[in-house]
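Colleague: Below is a structure I'd like to ask you about.
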Amino acid sequence: NLGWRVLMLVAQTIAGLFYLANKICLAFAERSSQRKRKFRILAWTMYLIGLPAWVAIFISHRNWIAAAVEAGGGPAMLMGLIIAIRGKGKEPRWLNYFSSAAIVAGFSLSLHSFGGLTSLTQVLEVSLVLGYLVGTYNLARINPQGYYWFMAMNASNACLMAIEGFVWLTIQQVISLGFVIWARANARKGTG
């Protein structure tokens, strides 16, 4: 029906634009020493705004693994925002533990609910989920190794979105992958 298609188009637009804005801001944060903090705050804010739309898209296509773990990554995003605002080492200790627990619980419950991996889309979801969770957690802790995980996440999600017919989100994931590669190159120049 038309209402559902419009709703999905709005969700795709919000999810795609805000997650792409996150990758662009992270890339500029790695490139700019003077405005690094501002770009990081903006990056984590964009990520949190796009999160509900991605969860809705995954649920609409019964990508339960991705939906559950995407939602579970919210604490790591919040930790990234708090670290960007307060500085590394000043985040609430409980949030670090909660983020780690959400990663393990979300991934374990997702695999258990499906009884393992039974389809290509589930394999892509697991790759997406691992890249998302480990990448988000590492980048929240200002560890540039998280960019490698984001590369796996964007590539897997691009394939999943292509299989499910989300043309705009497939393109957005490919563009995001380019910005993640650029961010990692900038991080290598600055921090190694």
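Residues in the structure tokens are numbered from 1 in each chain, the chains being A, B, ... in the order shown, and ligands are numbered from 1 in the order shown.
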Can you tell me, as a list of chain:residue names, what residues are no more than 8 Å from Trp44 (chain A) when counting only C-alpha atoms, ignoring any on the same chain fewer than 3 positions away?
Modeller: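 Once the nearby chain positions are removed, what remains is A:Asn22, A:Arg40, A:Ile41, A:Tyr47, A:Leu48, A:Met77, A:Leu78, A:Gly80, A:Leu81.
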Colleague: Tell me which protein, DNA and RNA residues are within 8 Å of region 157-172 of chain A, counting only C-alpha atoms, leaving out same-chain ones fewer than 2 positions away, and put them as a list of chain:residue names.
Modeller: A:Gln12, A:Gly16, A:Leu17, A:Leu20, A:His61, A:Thr121, A:Leu124, A:Glu125, A:Leu128, A:Met153, A:Asn154, A:Ala155, A:Val174, A:Ile175, A:Ser176
Colleague: Measure the distance from CA of Val69 (chain A) to CA of Cys25 (chain A) in Å and round it to one decimal.
Modeller: 23.1 Å
Colleague: CA of Ala66 (chain A) and CA of Val6 (chain A), how far apart in Å?
Modeller: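 Interatomic distance, CA of Val6 (chain A) to CA of Ala66 (chain A): 22.3 Å.
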Colleague: Within region 13-189 of chain A, find each residue whose DSSP state, derived from the backbone, is alpha helix (DSSP H), and express the selection as a VMD selection string.
Modeller: chain A and resid 13 to 31 36 to 60 64 to 72 74 to 86 93 to 114 120 to 140 146 to 163 167 to 189
Colleague: List as JSON, numbers by chain the protein and nucleic acid residues near Leu130 (chain A), meaning an atom at most 12 Å away when only C-alpha atoms are counted, but skip any in the same chain fewer than 5 places from it.
Modeller: {"A": [65, 66, 69, 70, 72, 73, 103, 104, 106, 107, 108, 110, 123, 124, 125, 135, 136, 137, 138, 146, 148, 149, 150, 151, 152, 153, 154, 156, 157]}
Colleague: Now that the selection is made, can you save its residues with N, CA, C and O atoms as a CSV table (one decimal), in the first residue's frame?
Modeller:
chain,number,residue,atom,x,y,z
A,65,ILE,N,18.3,-10.4,13.4
A,65,ILE,CA,19.7,-10.3,14.0
A,65,ILE,C,20.1,-8.9,13.9
A,65,ILE,O,20.5,-8.3,14.9
A,66,ALA,N,20.1,-8.3,12.7
A,66,ALA,CA,20.5,-6.9,12.5
A,66,ALA,C,19.7,-6.0,13.4
A,66,ALA,O,20.3,-5.0,14.0
A,69,VAL,N,20.6,-6.3,17.2
A,69,VAL,CA,21.9,-5.8,17.6
A,69,VAL,C,22.1,-4.4,17.2
A,69,VAL,O,22.8,-3.7,17.9
A,70,GLU,N,21.5,-3.9,16.2
A,70,GLU,CA,21.6,-2.5,15.9
A,70,GLU,C,21.0,-1.7,17.0
A,70,GLU,O,21.6,-0.7,17.5
A,72,GLY,N,20.8,-2.7,20.1
A,72,GLY,CA,21.8,-2.9,21.2
A,72,GLY,C,23.0,-2.1,21.1
A,72,GLY,O,23.8,-2.0,22.1
A,73,GLY,N,23.3,-1.6,19.9
A,73,GLY,CA,24.5,-0.7,19.7
A,73,GLY,C,24.3,0.7,20.2
A,73,GLY,O,25.3,1.5,20.3
A,103,ILE,N,26.7,-5.9,23.4
A,103,ILE,CA,27.3,-6.5,22.3
A,103,ILE,C,27.2,-8.1,22.4
A,103,ILE,O,26.7,-8.7,21.5
A,104,VAL,N,27.6,-8.6,23.5
A,104,VAL,CA,27.6,-10.1,23.7
A,104,VAL,C,26.2,-10.6,23.7
A,104,VAL,O,25.9,-11.6,23.0
A,106,GLY,N,23.3,-9.3,22.6
A,106,GLY,CA,22.6,-9.1,21.4
A,106,GLY,C,23.0,-10.1,20.3
A,106,GLY,O,22.2,-10.8,19.7
A,107,PHE,N,24.3,-10.3,20.2
A,107,PHE,CA,24.8,-11.3,19.2
A,107,PHE,C,24.4,-12.7,19.6
A,107,PHE,O,23.9,-13.5,18.7
A,108,SER,N,24.6,-13.1,20.8
A,108,SER,CA,24.3,-14.4,21.3
A,108,SER,C,22.8,-14.8,21.1
A,108,SER,O,22.4,-15.8,20.6
A,110,SER,N,20.6,-13.4,19.2
A,110,SER,CA,20.3,-13.4,17.7
A,110,SER,C,20.6,-14.8,17.1
A,110,SER,O,19.8,-15.4,16.4
A,123,VAL,N,24.0,-14.6,7.1
A,123,VAL,CA,25.5,-14.5,7.1
A,123,VAL,C,25.8,-13.0,6.9
A,123,VAL,O,26.7,-12.5,7.6
A,124,LEU,N,25.2,-12.3,6.0
A,124,LEU,CA,25.4,-10.9,5.8
A,124,LEU,C,25.0,-10.1,7.1
A,124,LEU,O,25.7,-9.2,7.5
A,125,GLU,N,23.9,-10.5,7.7
A,125,GLU,CA,23.5,-9.8,8.9
A,125,GLU,C,24.6,-10.0,10.0
A,125,GLU,O,24.9,-9.1,10.7
A,135,GLY,N,33.1,-2.2,15.6
A,135,GLY,CA,33.5,-0.9,15.1
A,135,GLY,C,33.0,0.3,15.9
A,135,GLY,O,33.8,1.2,16.2
A,136,THR,N,31.7,0.3,16.2
A,136,THR,CA,31.2,1.3,17.0
A,136,THR,C,31.8,1.4,18.4
A,136,THR,O,32.2,2.5,18.9
A,137,TYR,N,32.0,0.3,19.0
A,137,TYR,CA,32.7,0.2,20.3
A,137,TYR,C,34.1,0.8,20.3
A,137,TYR,O,34.5,1.6,21.1
A,138,ASN,N,34.9,0.3,19.3
A,138,ASN,CA,36.2,0.8,19.1
A,138,ASN,C,36.3,2.3,18.8
A,138,ASN,O,37.1,3.0,19.4
A,146,GLY,N,38.6,0.5,14.7
A,146,GLY,CA,37.2,0.4,14.5
A,146,GLY,C,36.8,0.6,13.0
A,146,GLY,O,35.8,0.1,12.5
A,148,TYR,N,38.2,-0.5,10.4
A,148,TYR,CA,38.3,-1.8,9.6
A,148,TYR,C,37.0,-2.6,9.8
A,148,TYR,O,36.5,-3.2,8.9
A,149,TRP,N,36.5,-2.6,11.0
A,149,TRP,CA,35.2,-3.2,11.3
A,149,TRP,C,34.0,-2.5,10.6
A,149,TRP,O,33.1,-3.2,10.1
A,150,PHE,N,34.1,-1.2,10.5
A,150,PHE,CA,33.1,-0.5,9.8
A,150,PHE,C,33.1,-0.8,8.3
A,150,PHE,O,32.1,-0.8,7.6
A,151,MET,N,34.3,-1.1,7.8
A,151,MET,CA,34.4,-1.4,6.3
A,151,MET,C,33.7,-2.7,6.1
A,151,MET,O,32.9,-2.9,5.1
A,152,ALA,N,33.8,-3.7,7.0
A,152,ALA,CA,33.1,-5.0,6.9
A,152,ALA,C,31.6,-4.8,7.0
A,152,ALA,O,30.8,-5.3,6.3
A,153,MET,N,31.2,-3.9,7.9
A,153,MET,CA,29.8,-3.6,8.1
A,153,MET,C,29.2,-3.0,6.9
A,153,MET,O,28.1,-3.4,6.4
A,154,ASN,N,29.8,-1.9,6.3
A,154,ASN,CA,29.3,-1.3,5.2
A,154,ASN,C,29.2,-2.2,4.0
A,154,ASN,O,28.2,-2.2,3.2
A,156,SER,N,29.0,-5.5,4.0
A,156,SER,CA,27.9,-6.5,4.2
A,156,SER,C,26.5,-5.9,4.1
A,156,SER,O,25.6,-6.5,3.5
A,157,ASN,N,26.4,-4.7,4.6
A,157,ASN,CA,25.1,-4.1,4.6
A,157,ASN,C,24.7,-3.7,3.1
A,157,ASN,O,23.5,-3.7,2.8
Colleague: Considering only C-alpha atoms, state which residue in the set A:Phe98, A:Phe39, A:Phe28, A:Trp54 is at the smallest distance from Ala185 (chain A).
Modeller: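 The closest residue to Ala185 (chain A) is A:Phe28.
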Colleague: Counting only C-alpha atoms, figure out which residue out of A:Ser127, A:Asn186, A:Ser60, A:Ser100 gets nearest to Ala140 (chain A).
Modeller: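 Of A:Ser127, A:Asn186, A:Ser60, A:Ser100, the one nearest Ala140 (chain A), counting only C-alpha atoms, is A:Ser100.
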Colleague: Would you compute the distance between CA of Gln122 (chain A) and CA of Val10 (chain A)? Give it in Å to one decimal.
Modeller: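 CA of Gln122 (chain A) sits 25.0 Å away from CA of Val10 (chain A).
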Colleague: Quick one: of A:Gly50, A:Gly178, A:Pro92, A:Gly115, who's nearest to Met79 (chain A), counting only C-alpha atoms?
Modeller: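 Nearest candidate to Met79 (chain A) out of A:Gly50, A:Gly178, A:Pro92, A:Gly115: A:Pro92.
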Colleague: Can you list, as a list in words, every protein, DNA or RNA residue that comes within 7 Å of Glu30 (chain A) when you count only C-alpha atoms, leaving out same-chain residues fewer than 2 positions away?
Modeller: Leu26, Ala27, Phe28, Ser32, Lys36, Ala183, Asn186 and Ala187 of chain A
Colleague: When you count only C-alpha atoms, which of these residues is closest to Val129 (chain A): A:Trp182, A:His112, A:Arg141, A:Asn63?
Modeller: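 The closest residue to Val129 (chain A) is A:Asn63.
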